[in-house]
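See below for the structure under consideration.
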Amino acid sequence: MATDHVSISTRVSSAARTTVEVLTSPSSERQREIRRIVSLCLPFTVLLLFSGVFPLTEMVRISFSESRLVTEGFTTEFYMTLVTDPYYRNVAFNTLWFAAATTVASIGVAVPVAHALEKYSLPAKSVILTVLSFPNSLPGIVAAFMIIILFGNTGVFTNAVAFISGQSSTDIAFSTGVLGLFFAYIYSMIPRALLLLRGTYAEVNTDAEEAARSLGATPLQTFRFVTLPQIKPGLIGACILVFRTGLAIFGTVLILKGLLVWTLQIDRELAQGFNIAQASAMATVWFVFVFGFTVLVLRYTTAEVSI
Amino acid sequence: MAERFGQGGLSARFGRPFVTLVLVLTLLFLAFPVVMTFVSSFASDWFGVLPTGFVTLANWQDVIFGTGVGADVAVGSSLAYSTGLALAGVVINLIVGVPIAYAVARYDFVGRDWVNVFAILPLAPGIILGIAFLRTYPDLSTSGIALVIGYSLLKAPYMVMAVQSSFQSMDLQQIEESARSLGASWPRTFLTVIVPNAKTGIIAGSIISWTLAAAEFNFSYIVYSRGTPPLAIFLFNNITNASFLNAAAAVSVFFLLIALVTIALQIIGNRSAVRRV
């Protein structure tokens, strides 16, 4: 046993020594290339460690801390609360179904729009593209304001319906309800989905589609059996990223408050008595869940992921 | 068979109008509130279907010079503060983003795909990173340094992707080998030959990550504690506390900023980047 241990540690240290040697005094072209790759990746790694990995590790430690102001001891109390309290289960359920529903809706809208952009000859196409990509640079709070403009108490849509039907505008306004929040979510998610799907659509083999059409397939059949299988990897990738976006939305829901979702509850933990340990536990659960499913999906599907 | 033809007739007849309708409705849904916001910021009242009382600059005055009520500040100081923070973030993004984009585009190595995924997928969204920063760097949050390093991690993917798209259109191996065979060392080749050639992507990436950092709300909201509010916090204060039309003017300031950025990107000719913003 002991000799094994020694040999392993010597092997490890000799491997470390070889690595250091490769990096400090490379002797072949391949070793020089390795040194270049390492030095090119180094700045990003430093940033990732300093502003990503380290804070996130601290966050995990705080979530297990017994004391409030300093990180000490070990307790799973805050995770037990998340698991056992029906209040948090309800928040988790809200978050998941709402993100899933808005993802399906935005992909459902983005597929025909991407189709039209790629296949039809449209007037003023560059203007259309600018309009469709504009909301990508808007923060969530502005998306929420857009929904207030449309469906709020003094919103355009609200007042138009009130004017026609004669009802009071406050009865019609739904910007602060679940439906209003739904529209606010898809306001930021449709342009994102579109960005991802347009790249996929550009790679579709149009010859096969034309062949299918000339052999008598209807447009719907052509889409179902020729186009859809080709865009499937991009479609799965878009679904994952848009779902991630949906789970991460915070500013929008902070303003509209239509539904109590995970991110809003994280803020409430801080706002109501600065319960940083509970907030950290919730953030940790969020991170592990999203990180885990992204890795799993990338591993086991042919999904193509880019922003 | 007949049923199938009937169905086919349906999609042949209504397929294109339906798809076009979806496109038109989407465009209206996205653009109409933006236009209404901008228009109403010049109105004095909005009680009915449409705003009335044009043209007044009162709302813009309140935003630009501040109303002096409570903790309200003028947009100028927030804009200047966010500009500085976002610029510092861009500088860090350039230092970390350009090299890793080159490594992934030029070299083949073990784990390249995963390095790429880490470089182009945000590790954690603003709110989660904000929670992580609260207790890790409590002293930095008042000085704005926490905001800068947070922004640079959150927006690094956009820089990496913009630069990568420039690198992908270059024959990197040939350029590198030509420079090397003419006697340039590798660091010199990278800094004086490769980087200048990727200028378009680097400028586009800088503009994009700058805009998104200046617009970042979730992270700023959690980490910001006191002092001049960043632009996104300024917008939030206006949306939640100011009068409706004042908020419209504040949001319009932001729209103008995005419009300027879009024009700038179009001038440097990176059309794919324009769509990404």
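As shown in the structure tokens, the chain order sets the letters A, B, ...; within each chain, residues go from 1, and ligands are also counted from 1 in the order they appear.
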(request) Could you list the residues in chain A lying within 7 Å of chain B, using only C-alpha atoms, and format the result as a ChimeraX atom specification? (result) /A:37,40-41,43-44,47-48,51,55-56,58-59,109,112-113,116,129-134,136-139,141,146,149-150,154,156,159-160,187,195,218-220,248,250-251,280,283,287,306-307
(message) Neighbouring residues of stretch 205-213 of chain A were defined as those with any atom within 9 Å, considering only C-alpha atoms; residues of the same chain fewer than 5 positions away were excluded. Please report them as a PyMOL selection string.
(response) chain A and resi 218-219+221-223+226-227+230
Residue contacts of A:Ser175 (10 Å, only C-alpha atoms) excluding same-chain residues fewer than 5 positions away, as a PDB file with all heavy atoms, in the first residue's frame:
```
ATOM      1  N   ALA A 144     -40.500  44.919 -19.512  1.00  0.00           N
ATOM      2  CA  ALA A 144     -41.662  45.058 -18.636  1.00  0.00           C
ATOM      3  C   ALA A 144     -42.388  46.369 -18.929  1.00  0.00           C
ATOM      4  O   ALA A 144     -43.619  46.406 -18.987  1.00  0.00           O
ATOM      5  CB  ALA A 144     -41.220  45.020 -17.170  1.00  0.00           C
ATOM      6  N   PHE A 145     -41.613  47.426 -19.149  1.00  0.00           N
ATOM      7  CA  PHE A 145     -42.225  48.730 -19.447  1.00  0.00           C
ATOM      8  C   PHE A 145     -43.002  48.674 -20.766  1.00  0.00           C
ATOM      9  O   PHE A 145     -44.063  49.280 -20.902  1.00  0.00           O
ATOM     10  CB  PHE A 145     -41.138  49.814 -19.498  1.00  0.00           C
ATOM     11  CG  PHE A 145     -41.697  51.209 -19.585  1.00  0.00           C
ATOM     12  CD1 PHE A 145     -42.298  51.792 -18.491  1.00  0.00           C
ATOM     13  CD2 PHE A 145     -41.621  51.928 -20.764  1.00  0.00           C
ATOM     14  CE1 PHE A 145     -42.819  53.071 -18.567  1.00  0.00           C
ATOM     15  CE2 PHE A 145     -42.138  53.210 -20.845  1.00  0.00           C
ATOM     16  CZ  PHE A 145     -42.741  53.787 -19.746  1.00  0.00           C
ATOM     17  N   MET A 146     -42.468  47.926 -21.751  1.00  0.00           N
ATOM     18  CA  MET A 146     -43.150  47.777 -23.034  1.00  0.00           C
ATOM     19  C   MET A 146     -44.528  47.138 -22.833  1.00  0.00           C
ATOM     20  O   MET A 146     -45.506  47.497 -23.489  1.00  0.00           O
ATOM     21  CB  MET A 146     -42.323  46.899 -23.985  1.00  0.00           C
ATOM     22  CG  MET A 146     -40.962  47.440 -24.349  1.00  0.00           C
ATOM     23  SD  MET A 146     -41.012  48.961 -25.283  1.00  0.00           S
ATOM     24  CE  MET A 146     -40.763  50.161 -24.005  1.00  0.00           C
ATOM     25  N   ILE A 147     -44.593  46.176 -21.907  1.00  0.00           N
ATOM     26  CA  ILE A 147     -45.864  45.501 -21.648  1.00  0.00           C
ATOM     27  C   ILE A 147     -46.825  46.438 -20.922  1.00  0.00           C
ATOM     28  O   ILE A 147     -48.029  46.426 -21.170  1.00  0.00           O
ATOM     29  CB  ILE A 147     -45.605  44.202 -20.834  1.00  0.00           C
ATOM     30  CG1 ILE A 147     -44.772  43.223 -21.664  1.00  0.00           C
ATOM     31  CG2 ILE A 147     -46.910  43.554 -20.412  1.00  0.00           C
ATOM     32  CD1 ILE A 147     -45.288  42.962 -23.071  1.00  0.00           C
ATOM     33  N   ILE A 148     -46.271  47.312 -20.051  1.00  0.00           N
ATOM     34  CA  ILE A 148     -47.129  48.300 -19.383  1.00  0.00           C
ATOM     35  C   ILE A 148     -47.707  49.269 -20.422  1.00  0.00           C
ATOM     36  O   ILE A 148     -48.874  49.630 -20.374  1.00  0.00           O
ATOM     37  CB  ILE A 148     -46.334  49.070 -18.296  1.00  0.00           C
ATOM     38  CG1 ILE A 148     -45.890  48.093 -17.207  1.00  0.00           C
ATOM     39  CG2 ILE A 148     -47.169  50.188 -17.698  1.00  0.00           C
ATOM     40  CD1 ILE A 148     -44.984  48.690 -16.162  1.00  0.00           C
ATOM     41  N   ILE A 149     -46.867  49.646 -21.395  1.00  0.00           N
ATOM     42  CA  ILE A 149     -47.333  50.523 -22.483  1.00  0.00           C
ATOM     43  C   ILE A 149     -48.489  49.868 -23.241  1.00  0.00           C
ATOM     44  O   ILE A 149     -49.458  50.517 -23.614  1.00  0.00           O
ATOM     45  CB  ILE A 149     -46.159  50.805 -23.471  1.00  0.00           C
ATOM     46  CG1 ILE A 149     -45.168  51.783 -22.854  1.00  0.00           C
ATOM     47  CG2 ILE A 149     -46.676  51.319 -24.801  1.00  0.00           C
ATOM     48  CD1 ILE A 149     -45.463  53.230 -23.083  1.00  0.00           C
ATOM     49  N   LEU A 150     -48.394  48.558 -23.463  1.00  0.00           N
ATOM     50  CA  LEU A 150     -49.424  47.869 -24.237  1.00  0.00           C
ATOM     51  C   LEU A 150     -50.643  47.522 -23.385  1.00  0.00           C
ATOM     52  O   LEU A 150     -51.774  47.817 -23.761  1.00  0.00           O
ATOM     53  CB  LEU A 150     -48.861  46.588 -24.853  1.00  0.00           C
ATOM     54  CG  LEU A 150     -47.927  46.721 -26.047  1.00  0.00           C
ATOM     55  CD1 LEU A 150     -47.412  45.360 -26.452  1.00  0.00           C
ATOM     56  CD2 LEU A 150     -48.640  47.378 -27.219  1.00  0.00           C
ATOM     57  N   PHE A 151     -50.402  46.856 -22.240  1.00  0.00           N
ATOM     58  CA  PHE A 151     -51.518  46.249 -21.511  1.00  0.00           C
ATOM     59  C   PHE A 151     -51.715  46.804 -20.099  1.00  0.00           C
ATOM     60  O   PHE A 151     -52.478  46.249 -19.324  1.00  0.00           O
ATOM     61  CB  PHE A 151     -51.318  44.726 -21.422  1.00  0.00           C
ATOM     62  CG  PHE A 151     -51.048  44.073 -22.744  1.00  0.00           C
ATOM     63  CD1 PHE A 151     -49.878  43.351 -22.965  1.00  0.00           C
ATOM     64  CD2 PHE A 151     -51.962  44.172 -23.782  1.00  0.00           C
ATOM     65  CE1 PHE A 151     -49.629  42.754 -24.183  1.00  0.00           C
ATOM     66  CE2 PHE A 151     -51.726  43.577 -25.003  1.00  0.00           C
ATOM     67  CZ  PHE A 151     -50.548  42.864 -25.210  1.00  0.00           C
ATOM     68  N   GLY A 152     -50.986  47.855 -19.733  1.00  0.00           N
ATOM     69  CA  GLY A 152     -51.129  48.421 -18.392  1.00  0.00           C
ATOM     70  C   GLY A 152     -52.435  49.190 -18.244  1.00  0.00           C
ATOM     71  O   GLY A 152     -53.254  49.244 -19.169  1.00  0.00           O
ATOM     72  N   ASN A 153     -52.611  49.811 -17.067  1.00  0.00           N
ATOM     73  CA  ASN A 153     -53.847  50.547 -16.799  1.00  0.00           C
ATOM     74  C   ASN A 153     -54.094  51.661 -17.800  1.00  0.00           C
ATOM     75  O   ASN A 153     -55.229  51.954 -18.140  1.00  0.00           O
ATOM     76  CB  ASN A 153     -53.800  51.144 -15.388  1.00  0.00           C
ATOM     77  CG  ASN A 153     -54.178  50.107 -14.357  1.00  0.00           C
ATOM     78  OD1 ASN A 153     -54.889  49.155 -14.662  1.00  0.00           O
ATOM     79  ND2 ASN A 153     -53.692  50.288 -13.148  1.00  0.00           N
ATOM     80  N   GLY A 155     -52.482  51.593 -20.762  1.00  0.00           N
ATOM     81  CA  GLY A 155     -51.892  51.056 -21.980  1.00  0.00           C
ATOM     82  C   GLY A 155     -52.734  51.285 -23.222  1.00  0.00           C
ATOM     83  O   GLY A 155     -53.944  51.533 -23.139  1.00  0.00           O
ATOM     84  N   THR A 158     -55.247  48.329 -23.744  1.00  0.00           N
ATOM     85  CA  THR A 158     -56.257  48.410 -22.693  1.00  0.00           C
ATOM     86  C   THR A 158     -57.288  49.490 -23.005  1.00  0.00           C
ATOM     87  O   THR A 158     -58.501  49.251 -22.969  1.00  0.00           O
ATOM     88  CB  THR A 158     -55.590  48.760 -21.349  1.00  0.00           C
ATOM     89  OG1 THR A 158     -54.446  47.951 -21.196  1.00  0.00           O
ATOM     90  CG2 THR A 158     -56.536  48.548 -20.194  1.00  0.00           C
ATOM     91  N   GLY A 180     -49.857  39.074 -18.512  1.00  0.00           N
ATOM     92  CA  GLY A 180     -48.966  40.196 -18.810  1.00  0.00           C
ATOM     93  C   GLY A 180     -47.515  39.776 -18.707  1.00  0.00           C
ATOM     94  O   GLY A 180     -46.685  40.103 -19.555  1.00  0.00           O
ATOM     95  N   LEU A 181     -47.218  39.008 -17.660  1.00  0.00           N
ATOM     96  CA  LEU A 181     -45.847  38.533 -17.465  1.00  0.00           C
ATOM     97  C   LEU A 181     -45.443  37.598 -18.613  1.00  0.00           C
ATOM     98  O   LEU A 181     -44.315  37.622 -19.085  1.00  0.00           O
ATOM     99  CB  LEU A 181     -45.732  37.814 -16.125  1.00  0.00           C
ATOM    100  CG  LEU A 181     -44.305  37.530 -15.678  1.00  0.00           C
ATOM    101  CD1 LEU A 181     -43.568  38.821 -15.397  1.00  0.00           C
ATOM    102  CD2 LEU A 181     -44.284  36.653 -14.443  1.00  0.00           C
ATOM    103  N   PHE A 182     -46.422  36.797 -19.064  1.00  0.00           N
ATOM    104  CA  PHE A 182     -46.176  35.884 -20.185  1.00  0.00           C
ATOM    105  C   PHE A 182     -45.727  36.675 -21.416  1.00  0.00           C
ATOM    106  O   PHE A 182     -44.717  36.348 -22.045  1.00  0.00           O
ATOM    107  CB  PHE A 182     -47.467  35.108 -20.473  1.00  0.00           C
ATOM    108  CG  PHE A 182     -47.339  34.082 -21.556  1.00  0.00           C
ATOM    109  CD1 PHE A 182     -46.880  32.818 -21.258  1.00  0.00           C
ATOM    110  CD2 PHE A 182     -47.680  34.382 -22.867  1.00  0.00           C
ATOM    111  CE1 PHE A 182     -46.762  31.863 -22.247  1.00  0.00           C
ATOM    112  CE2 PHE A 182     -47.560  33.440 -23.860  1.00  0.00           C
ATOM    113  CZ  PHE A 182     -47.104  32.169 -23.546  1.00  0.00           C
ATOM    114  N   PHE A 183     -46.465  37.748 -21.730  1.00  0.00           N
ATOM    115  CA  PHE A 183     -46.094  38.561 -22.893  1.00  0.00           C
ATOM    116  C   PHE A 183     -44.739  39.232 -22.686  1.00  0.00           C
ATOM    117  O   PHE A 183     -43.952  39.352 -23.615  1.00  0.00           O
ATOM    118  CB  PHE A 183     -47.173  39.603 -23.186  1.00  0.00           C
ATOM    119  CG  PHE A 183     -48.323  39.058 -23.972  1.00  0.00           C
ATOM    120  CD1 PHE A 183     -49.578  38.914 -23.407  1.00  0.00           C
ATOM    121  CD2 PHE A 183     -48.144  38.654 -25.289  1.00  0.00           C
ATOM    122  CE1 PHE A 183     -50.638  38.388 -24.124  1.00  0.00           C
ATOM    123  CE2 PHE A 183     -49.192  38.132 -26.021  1.00  0.00           C
ATOM    124  CZ  PHE A 183     -50.440  38.000 -25.435  1.00  0.00           C
ATOM    125  N   ALA A 184     -44.457  39.668 -21.450  1.00  0.00           N
ATOM    126  CA  ALA A 184     -43.172  40.314 -21.176  1.00  0.00           C
ATOM    127  C   ALA A 184     -42.028  39.320 -21.368  1.00  0.00           C
ATOM    128  O   ALA A 184     -40.980  39.671 -21.918  1.00  0.00           O
ATOM    129  CB  ALA A 184     -43.155  40.867 -19.759  1.00  0.00           C
ATOM    130  N   LEU A 256     -43.222  43.660 -12.901  1.00  0.00           N
ATOM    131  CA  LEU A 256     -44.614  43.255 -13.162  1.00  0.00           C
ATOM    132  C   LEU A 256     -45.193  42.394 -12.043  1.00  0.00           C
ATOM    133  O   LEU A 256     -46.398  42.408 -11.815  1.00  0.00           O
ATOM    134  CB  LEU A 256     -44.699  42.513 -14.499  1.00  0.00           C
ATOM    135  CG  LEU A 256     -44.371  43.351 -15.736  1.00  0.00           C
ATOM    136  CD1 LEU A 256     -44.440  42.506 -16.984  1.00  0.00           C
ATOM    137  CD2 LEU A 256     -45.333  44.526 -15.865  1.00  0.00           C
ATOM    138  N   LYS A 257     -44.370  41.603 -11.389  1.00  0.00           N
ATOM    139  CA  LYS A 257     -44.781  40.788 -10.227  1.00  0.00           C
ATOM    140  C   LYS A 257     -45.954  39.848 -10.509  1.00  0.00           C
ATOM    141  O   LYS A 257     -46.713  39.518  -9.593  1.00  0.00           O
ATOM    142  CB  LYS A 257     -45.181  41.693  -9.047  1.00  0.00           C
ATOM    143  CG  LYS A 257     -44.059  42.617  -8.600  1.00  0.00           C
ATOM    144  CD  LYS A 257     -44.433  43.312  -7.316  1.00  0.00           C
ATOM    145  CE  LYS A 257     -43.285  44.106  -6.747  1.00  0.00           C
ATOM    146  NZ  LYS A 257     -42.865  45.240  -7.591  1.00  0.00           N
ATOM    147  N   GLY A 258     -46.118  39.429 -11.735  1.00  0.00           N
ATOM    148  CA  GLY A 258     -47.283  38.616 -12.076  1.00  0.00           C
ATOM    149  C   GLY A 258     -47.288  37.246 -11.432  1.00  0.00           C
ATOM    150  O   GLY A 258     -48.339  36.664 -11.162  1.00  0.00           O
TER     151      GLY A 258
END
```
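Straight-line separation from atom CA of A:Ala277 to atom CA of A:Asn90: 19.9 Å.
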(message) I'd like the interatomic distance between atom CA of A:Leu197 and atom CA of A:Phe243, to a tenth of an Å.
(response)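 Here the two named atoms are 14.2 Å from each other.
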(message) Between atom CA of A:Ile236 and atom CA of A:Leu298, what distance in Å does the model show, to one decimal?
(response) 9.9 Å
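Distance annotation: of A:Glu21, A:Asp85, A:Glu77, A:Glu72, the residue with the minimal separation from A:Arg35 is A:Glu21; atom set is only C-alpha atoms.
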(request) If you run DSSP over the backbone, which residues in stretch 121-270 of chain A end up alpha helix (DSSP H)? Put them as a ChimeraX atom specification. (result) /A:125-133,140-151,156-165,169-172,178-202,206-214,219-222,228-248,251-256,262-270
(message) What's around B:Pro230 at 10 Å? Count only C-alpha atoms, leave out sequence neighbours fewer than 4 positions away in its own chain, and write the answer as a PyMOL selection string.
(response) chain B and resi 75+77-86+144+147+214-217+220-221+224+234-235
Any chance you can output those residues with N, CA, C and O atoms as a short mmCIF file (atom, residue, chain, number, x, y, z; two decimals), in the first residue's frame?
```cif
data_model
loop_
_atom_site.label_atom_id
_atom_site.label_comp_id
_atom_site.auth_asym_id
_atom_site.auth_seq_id
_atom_site.Cartn_x
_atom_site.Cartn_y
_atom_site.Cartn_z
N VAL B 75 -29.99 62.10 -15.67
CA VAL B 75 -29.51 60.94 -16.42
C VAL B 75 -28.02 61.06 -16.71
O VAL B 75 -27.31 60.06 -16.79
N SER B 77 -25.31 61.92 -15.00
CA SER B 77 -24.34 61.31 -14.10
C SER B 77 -24.41 59.79 -14.18
O SER B 77 -23.39 59.11 -14.17
N SER B 78 -25.64 59.22 -14.28
CA SER B 78 -25.78 57.77 -14.40
C SER B 78 -25.17 57.27 -15.71
O SER B 78 -24.50 56.26 -15.74
N LEU B 79 -25.45 58.04 -16.77
CA LEU B 79 -24.95 57.64 -18.08
C LEU B 79 -23.43 57.66 -18.09
O LEU B 79 -22.78 56.72 -18.56
N ALA B 80 -22.86 58.73 -17.51
CA ALA B 80 -21.40 58.84 -17.48
C ALA B 80 -20.80 57.72 -16.63
O ALA B 80 -19.80 57.10 -17.02
N TYR B 81 -21.43 57.45 -15.49
CA TYR B 81 -20.93 56.40 -14.60
C TYR B 81 -20.97 55.04 -15.27
O TYR B 81 -19.98 54.30 -15.30
N SER B 82 -22.13 54.72 -15.89
CA SER B 82 -22.25 53.44 -16.58
C SER B 82 -21.31 53.34 -17.76
O SER B 82 -20.77 52.27 -18.05
N THR B 83 -21.12 54.47 -18.47
CA THR B 83 -20.19 54.47 -19.60
C THR B 83 -18.80 54.07 -19.13
O THR B 83 -18.16 53.21 -19.74
N GLY B 84 -18.37 54.66 -18.01
CA GLY B 84 -17.05 54.34 -17.46
C GLY B 84 -16.95 52.89 -17.03
O GLY B 84 -16.00 52.19 -17.38
N LEU B 85 -17.94 52.43 -16.27
CA LEU B 85 -17.93 51.04 -15.79
C LEU B 85 -17.90 50.07 -16.95
O LEU B 85 -17.11 49.11 -16.98
N ALA B 86 -18.76 50.33 -17.95
CA ALA B 86 -18.85 49.42 -19.08
C ALA B 86 -17.57 49.43 -19.91
O ALA B 86 -17.12 48.40 -20.41
N GLY B 144 -17.57 50.25 -7.24
CA GLY B 144 -17.82 50.01 -8.66
C GLY B 144 -16.90 48.95 -9.26
O GLY B 144 -17.14 48.50 -10.38
N LEU B 147 -18.77 45.82 -9.87
CA LEU B 147 -19.61 45.91 -11.07
C LEU B 147 -18.77 45.66 -12.32
O LEU B 147 -19.20 44.93 -13.22
N ALA B 214 -23.66 48.23 -20.12
CA ALA B 214 -24.34 49.46 -19.68
C ALA B 214 -25.81 49.17 -19.40
O ALA B 214 -26.43 49.85 -18.58
N ALA B 215 -26.37 48.15 -20.06
CA ALA B 215 -27.79 47.84 -19.89
C ALA B 215 -28.03 46.79 -18.83
O ALA B 215 -29.18 46.50 -18.51
N GLU B 216 -26.98 46.21 -18.26
CA GLU B 216 -27.16 45.10 -17.32
C GLU B 216 -27.90 45.56 -16.06
O GLU B 216 -27.41 46.42 -15.33
N PHE B 217 -29.05 44.98 -15.82
CA PHE B 217 -29.83 45.38 -14.66
C PHE B 217 -29.71 44.39 -13.50
O PHE B 217 -29.39 44.77 -12.37
N SER B 220 -26.47 44.51 -11.50
CA SER B 220 -26.31 45.82 -10.88
C SER B 220 -27.26 45.99 -9.71
O SER B 220 -26.89 46.54 -8.67
N TYR B 221 -28.50 45.51 -9.87
CA TYR B 221 -29.52 45.70 -8.83
C TYR B 221 -29.13 45.00 -7.53
O TYR B 221 -29.33 45.54 -6.45
N TYR B 224 -25.23 46.74 -6.51
CA TYR B 224 -25.15 48.19 -6.26
C TYR B 224 -25.67 48.52 -4.86
O TYR B 224 -26.73 48.05 -4.46
N PHE B 234 -30.97 53.55 -12.77
CA PHE B 234 -31.65 54.82 -13.05
C PHE B 234 -32.96 54.57 -13.78
O PHE B 234 -34.01 55.13 -13.43
N LEU B 235 -32.92 53.69 -14.79
CA LEU B 235 -34.14 53.35 -15.54
C LEU B 235 -35.17 52.72 -14.61
O LEU B 235 -36.35 53.05 -14.63
#
```
(request) Kindly indicate which residue among B:Ala74, B:Leu140, B:Val148, B:Leu57 lies nearest to B:Ala88, using only C-alpha atoms for the distances. (result)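 Looking only at the distances to B:Ala88, the closest residue turns out to be B:Val148.
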